[in-house]
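Participant: Dumping the structure here so I can ask a few things about it.
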Amino acid sequence: MIAGGIPLGDVLLASGALFVIGLVGALLRRNAISIFLSIELMMNAANLTVLGYAASLQNLEGQVVVFFVIAIAAAEAAVGLAIFIALFRHTETIDVNRINLLKW
Amino acid sequence: MAALTATRLVFDAAATLAIVFASVMVIHRHPVKSVLALVVSFFALSIAYVLLSAPLIAAVQVIVYAGAILVLFLFVLMLLNVPEEARHGSGRPIHRILSAAAILVFAVFLLSLLRSHGATASPAVGASAGGGADVAAAARLLFSEHLLSFEALSVLLLAALVGAFALARPETQR
């Protein structure tokens, strides 16, 4: 039971559901930006788990870790989107089925 | 079965909203609508963060994630004019098998959680101090014990900025 009567099970369930939705999206979507969005969703599911345990254990370190994860996600999004722009300029598409230069 | 308190109800509602809009994000084939659905999902998640006594992270979630990162996605989508995905040919067979396996694993997790519900009570803790005290304590931790990591983070963001600029620059200017 976390502060206010939220069971840890609810938090884990929500975060597991979000993670699976993100995983399915990352596997099934064909658009590189949609795959990237799904990865962001999975990262948020992980953040939710960390915050749930931080609240359950009454430890503020979890919040600090999530703060760093969000900042790193911002850096990752900037670089990833720049890669997509460069890719689009090069191949005129960001459909991952048609980007097969490094595929064996 | 745990008691249904008002906080739990609000948390469950926010989590359900987040899950529903995350599903919309995955199902929708138009990338711009996907991003907008994810914005709603992240707002719902920030409500959940407030209830988990992390108001600082909730604010950062709204400002940085929903406000900055997803708007950046929208800008790039509109810049590239990404078309809607084709209806057929979504995923190679291996991808479908793997996503089915992921859903299966989650279903097993759900069942085991439902079976063990009530048997193993989560550690009960008292309500934490008010939101303001939480923010102050988290900030003190961030700027004392993790000060070096915080400063390293600013260098990382600068490196990402330079890297993004170098990557997205047209090749003719080199």
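Chain labels A, B, ... are given in the sequence in which chains occur in the structure tokens; within each chain residues are numbered consecutively from 1, and ligands are likewise numbered from 1 in the order shown.
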Residues near stretch 19-34 of chain B, anyone? I mean within 8 Å using only C-alpha atoms, not counting same-chain ones fewer than 2 positions away, as a short mmCIF file (atom, residue, chain, number, x, y, z; two decimals) with C-alpha atoms, in the first residue's frame.
Facilitator:
```cif
data_model
loop_
_atom_site.label_atom_id
_atom_site.label_comp_id
_atom_site.auth_asym_id
_atom_site.auth_seq_id
_atom_site.Cartn_x
_atom_site.Cartn_y
_atom_site.Cartn_z
CA ALA A 14 -0.44 -0.24 -15.33
CA ALA A 17 0.36 -2.86 -19.72
CA LEU A 18 1.98 0.32 -21.01
CA ILE A 21 1.61 -1.78 -25.66
CA GLY A 22 4.85 0.04 -26.43
CA VAL A 24 3.84 -4.31 -29.64
CA GLY A 25 3.87 -0.90 -31.27
CA ARG A 29 4.62 -0.27 -36.72
CA ILE A 33 8.85 7.84 -35.98
CA SER A 34 5.98 5.69 -34.70
CA SER A 38 6.55 3.42 -28.89
CA LEU A 41 6.11 4.93 -24.19
CA ALA B 15 -3.75 4.70 -15.49
CA THR B 16 -6.70 3.44 -17.56
CA LEU B 17 -6.76 6.69 -19.52
CA LEU B 36 -1.50 13.61 -30.11
CA ALA B 37 -2.80 10.42 -28.46
CA LEU B 38 0.56 10.00 -26.74
CA VAL B 40 -2.97 12.68 -23.69
CA SER B 41 -1.42 9.46 -22.39
CA LEU B 74 5.16 16.96 -34.27
CA LEU B 77 6.44 14.90 -38.70
CA VAL B 82 5.07 11.58 -43.33
CA PRO B 83 2.21 9.75 -45.04
CA GLU B 84 -0.25 7.40 -43.41
CA GLU B 85 0.98 3.82 -43.10
CA ALA B 86 -0.24 1.26 -45.59
CA ARG B 87 -3.02 -0.89 -44.19
#
```
Participant: For a quick check of understanding, using only C-alpha atoms, which of B:Ser46, B:Gln61, B:Thr5, B:Ser154 has the smallest distance to A:Ile70?
Facilitator: B:Gln61
Participant: Extract the full set of helix (DSSP H, G or I) residues from chain A according to DSSP on the backbone, and format it as a ChimeraX atom specification.
Facilitator: /A:8-28,32-57,61-91
Participant: Using only C-alpha atoms, which residue out of B:Ala13, B:Arg115, B:Leu80, B:Ile63 lies closest to B:Ile47?
Facilitator: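 Smallest separation from B:Ile47 among the options: B:Ala13.
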Participant: Counting only C-alpha atoms, figure out which residue out of A:Ala46, A:Leu87, A:Ala82, A:Val11 gets nearest to chain B.
Facilitator: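 So, comparing all the options, the nearest one is A:Ala82.
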Participant: Find the residues near B:Leu72: any atom within 12 Å, counting only C-alpha atoms, skip ones fewer than 2 places away on the same chain, and give them as a list in words.
Facilitator: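 My list of contacting residues is Ile33, Leu37, Ala74, Ala75, Glu76, Ala77, Ala78, Val79, Gly80, Leu81 and Ala82 of chain A; Val32, Val35, Val39, Val64, Tyr65, Ala66, Gly67, Ala68, Ile69, Leu70, Leu74, Phe75, Val76, Leu77, Met78 and Leu79 of chain B.
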Participant: Mind dumping the selected residues with C-alpha atoms as a compact mmCIF listing (two decimals), in the first residue's frame?
Facilitator:
```txt
# COMPACT_ATOMS: atom_id res chain seq x y z
CA ILE A 33 8.85 7.84 -35.98
CA LEU A 37 7.15 6.98 -30.07
CA ALA A 74 15.14 14.52 -24.30
CA ALA A 75 18.72 14.20 -25.59
CA GLU A 76 17.87 10.90 -27.27
CA ALA A 77 14.80 12.36 -28.96
CA ALA A 78 16.81 15.28 -30.34
CA VAL A 79 19.51 13.05 -31.81
CA GLY A 80 17.04 10.42 -33.03
CA LEU A 81 14.89 12.93 -34.84
CA ALA A 82 17.98 14.49 -36.40
CA VAL B 32 0.34 12.99 -36.20
CA VAL B 35 1.62 11.79 -31.31
CA VAL B 39 0.33 13.57 -25.40
CA VAL B 64 9.61 18.24 -20.91
CA TYR B 65 7.82 15.17 -22.27
CA ALA B 66 4.40 16.39 -23.35
CA GLY B 67 5.57 19.94 -23.91
CA ALA B 68 8.97 19.69 -25.52
CA ILE B 69 9.74 16.18 -26.76
CA LEU B 70 6.36 15.43 -28.33
CA LEU B 74 5.16 16.96 -34.27
CA PHE B 75 7.52 19.47 -35.86
CA VAL B 76 9.57 16.71 -37.49
CA LEU B 77 6.44 14.90 -38.70
CA MET B 78 5.14 18.05 -40.32
CA LEU B 79 8.56 18.89 -41.73
```
Participant: Could you list, as a VMD selection string, every residue within 10 Å of A:Leu51, counting only C-alpha atoms and ignoring same-chain residues fewer than 4 positions away?
Facilitator: (chain A and resid 11 45 to 47 55 to 66) or (chain B and resid 48 to 49 52 to 54 57)
Participant: With N, CA and C atoms retained, export the selected residues as a PDB file, in the first residue's frame.
Facilitator:
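Below is the file result30.pdb, written as the result:
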```pdb
ATOM      1  N   VAL A  11       0.117  -0.229  -9.644  1.00  0.00           N
ATOM      2  CA  VAL A  11       1.158   0.507 -10.359  1.00  0.00           C
ATOM      3  C   VAL A  11       1.886  -0.430 -11.316  1.00  0.00           C
ATOM      4  N   ALA A  45       6.775   3.691 -19.149  1.00  0.00           N
ATOM      5  CA  ALA A  45       6.312   2.576 -18.328  1.00  0.00           C
ATOM      6  C   ALA A  45       7.371   2.215 -17.287  1.00  0.00           C
ATOM      7  N   ALA A  46       8.634   2.217 -17.703  1.00  0.00           N
ATOM      8  CA  ALA A  46       9.716   1.930 -16.751  1.00  0.00           C
ATOM      9  C   ALA A  46       9.768   3.007 -15.676  1.00  0.00           C
ATOM     10  N   ASN A  47       9.591   4.276 -16.073  1.00  0.00           N
ATOM     11  CA  ASN A  47       9.573   5.370 -15.096  1.00  0.00           C
ATOM     12  C   ASN A  47       8.470   5.166 -14.068  1.00  0.00           C
ATOM     13  N   ALA A  55       7.754   5.355  -4.191  1.00  0.00           N
ATOM     14  CA  ALA A  55       6.708   5.735  -3.241  1.00  0.00           C
ATOM     15  C   ALA A  55       6.491   4.644  -2.209  1.00  0.00           C
ATOM     16  N   SER A  56       6.601   3.390  -2.667  1.00  0.00           N
ATOM     17  CA  SER A  56       6.362   2.276  -1.748  1.00  0.00           C
ATOM     18  C   SER A  56       7.456   2.187  -0.693  1.00  0.00           C
ATOM     19  N   LEU A  57       8.699   2.438  -1.090  1.00  0.00           N
ATOM     20  CA  LEU A  57       9.825   2.350  -0.153  1.00  0.00           C
ATOM     21  C   LEU A  57      10.123   3.696   0.498  1.00  0.00           C
ATOM     22  N   GLN A  58       9.354   4.733   0.124  1.00  0.00           N
ATOM     23  CA  GLN A  58       9.558   6.084   0.650  1.00  0.00           C
ATOM     24  C   GLN A  58      11.004   6.525   0.479  1.00  0.00           C
ATOM     25  N   ASN A  59      11.497   6.374  -0.729  1.00  0.00           N
ATOM     26  CA  ASN A  59      12.885   6.712  -1.026  1.00  0.00           C
ATOM     27  C   ASN A  59      12.881   7.717  -2.182  1.00  0.00           C
ATOM     28  N   LEU A  60      13.517   8.833  -1.981  1.00  0.00           N
ATOM     29  CA  LEU A  60      13.493   9.881  -3.006  1.00  0.00           C
ATOM     30  C   LEU A  60      14.488   9.632  -4.131  1.00  0.00           C
ATOM     31  N   GLU A  61      15.411   8.686  -3.952  1.00  0.00           N
ATOM     32  CA  GLU A  61      16.392   8.398  -4.992  1.00  0.00           C
ATOM     33  C   GLU A  61      15.708   8.017  -6.299  1.00  0.00           C
ATOM     34  N   GLY A  62      14.562   7.332  -6.187  1.00  0.00           N
ATOM     35  CA  GLY A  62      13.832   6.924  -7.375  1.00  0.00           C
ATOM     36  C   GLY A  62      13.420   8.118  -8.213  1.00  0.00           C
ATOM     37  N   GLN A  63      12.967   9.187  -7.526  1.00  0.00           N
ATOM     38  CA  GLN A  63      12.571  10.381  -8.273  1.00  0.00           C
ATOM     39  C   GLN A  63      13.762  10.998  -8.995  1.00  0.00           C
ATOM     40  N   VAL A  64      14.930  10.968  -8.349  1.00  0.00           N
ATOM     41  CA  VAL A  64      16.121  11.530  -8.987  1.00  0.00           C
ATOM     42  C   VAL A  64      16.483  10.722 -10.227  1.00  0.00           C
ATOM     43  N   VAL A  65      16.385   9.399 -10.111  1.00  0.00           N
ATOM     44  CA  VAL A  65      16.689   8.538 -11.265  1.00  0.00           C
ATOM     45  C   VAL A  65      15.743   8.840 -12.412  1.00  0.00           C
ATOM     46  N   VAL A  66      14.440   8.982 -12.106  1.00  0.00           N
ATOM     47  CA  VAL A  66      13.466   9.259 -13.163  1.00  0.00           C
ATOM     48  C   VAL A  66      13.739  10.618 -13.797  1.00  0.00           C
TER      49      VAL A  66
ATOM     50  N   ALA B  48      -0.891  10.323 -12.522  1.00  0.00           N
ATOM     51  CA  ALA B  48      -0.478   9.170 -11.720  1.00  0.00           C
ATOM     52  C   ALA B  48       0.779   9.487 -10.916  1.00  0.00           C
ATOM     53  N   TYR B  49       1.705  10.247 -11.506  1.00  0.00           N
ATOM     54  CA  TYR B  49       2.932  10.591 -10.789  1.00  0.00           C
ATOM     55  C   TYR B  49       2.631  11.464  -9.579  1.00  0.00           C
ATOM     56  N   LEU B  52       1.559   9.346  -6.852  1.00  0.00           N
ATOM     57  CA  LEU B  52       2.656   8.560  -6.280  1.00  0.00           C
ATOM     58  C   LEU B  52       3.618   9.477  -5.517  1.00  0.00           C
ATOM     59  N   SER B  53       3.134  10.619  -5.088  1.00  0.00           N
ATOM     60  CA  SER B  53       3.879  11.628  -4.323  1.00  0.00           C
ATOM     61  C   SER B  53       5.191  12.006  -4.992  1.00  0.00           C
ATOM     62  N   ALA B  54       5.110  12.254  -6.331  1.00  0.00           N
ATOM     63  CA  ALA B  54       6.268  12.748  -7.077  1.00  0.00           C
ATOM     64  C   ALA B  54       5.841  13.960  -7.892  1.00  0.00           C
ATOM     65  N   ILE B  57       8.383  15.267 -10.576  1.00  0.00           N
ATOM     66  CA  ILE B  57       8.463  14.477 -11.797  1.00  0.00           C
ATOM     67  C   ILE B  57       7.224  14.699 -12.650  1.00  0.00           C
TER      68      ILE B  57
END
```
Participant: For B:Thr7, which of B:Phe73, B:Leu51, B:Ala164, B:Phe42 is the closest residue, counting only C-alpha atoms?
Facilitator: B:Leu51
Participant: Do you know which residues are at most 9 Å from A:Ile94 counting only C-alpha atoms, after dropping those on the same chain fewer than 3 positions away, and could you put them as an NGL selection string?
Facilitator: (:A and (30-33 or 84-85 or 87-88 or 91 or 97-99)) or (:B and (82))
Participant: Just C-alpha atoms for this one: save the residues we selected as a PDB file, in the first residue's frame.
Facilitator:
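Ended up saving to out.pdb:
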```pdb
ATOM      1  CA  ARG A  30       6.491   0.340 -39.964  1.00  0.00           C
ATOM      2  CA  ASN A  31       7.024   4.049 -39.605  1.00  0.00           C
ATOM      3  CA  ALA A  32      10.331   4.927 -37.930  1.00  0.00           C
ATOM      4  CA  ILE A  33       8.846   7.843 -35.983  1.00  0.00           C
ATOM      5  CA  PHE A  84      15.440  10.632 -39.152  1.00  0.00           C
ATOM      6  CA  ILE A  85      15.749  13.971 -40.912  1.00  0.00           C
ATOM      7  CA  LEU A  87      17.701   9.586 -43.343  1.00  0.00           C
ATOM      8  CA  PHE A  88      14.694  11.163 -45.013  1.00  0.00           C
ATOM      9  CA  THR A  91      16.300   7.976 -48.932  1.00  0.00           C
ATOM     10  CA  ASN A  97      10.707  -1.788 -44.635  1.00  0.00           C
ATOM     11  CA  ARG A  98      12.335   0.283 -47.336  1.00  0.00           C
ATOM     12  CA  ILE A  99      15.459   1.201 -45.391  1.00  0.00           C
TER      13      ILE A  99
ATOM     14  CA  VAL B  82       5.072  11.581 -43.326  1.00  0.00           C
TER      15      VAL B  82
END
```
Participant: Determine, counting only C-alpha atoms, which protein, DNA and RNA residues have an atom within 12 Å of an atom of B:Ala139; residues of the same chain fewer than 2 positions away are not included. Present the result as an MDAnalysis selection string.
Facilitator: (chainID A and resid 60:61 63:64 67) or (chainID B and resid 54:57 132:137 141:147 150)
Participant: List every residue of chain A that DSSP, applied to the backbone of this structure, assigns to strand (DSSP E or B), and report them as a list in words.
Facilitator: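 Going through chain A, the strand (DSSP E or B) residues come out as Ile2, Ile6, Asn31 and Asp95 of chain A.
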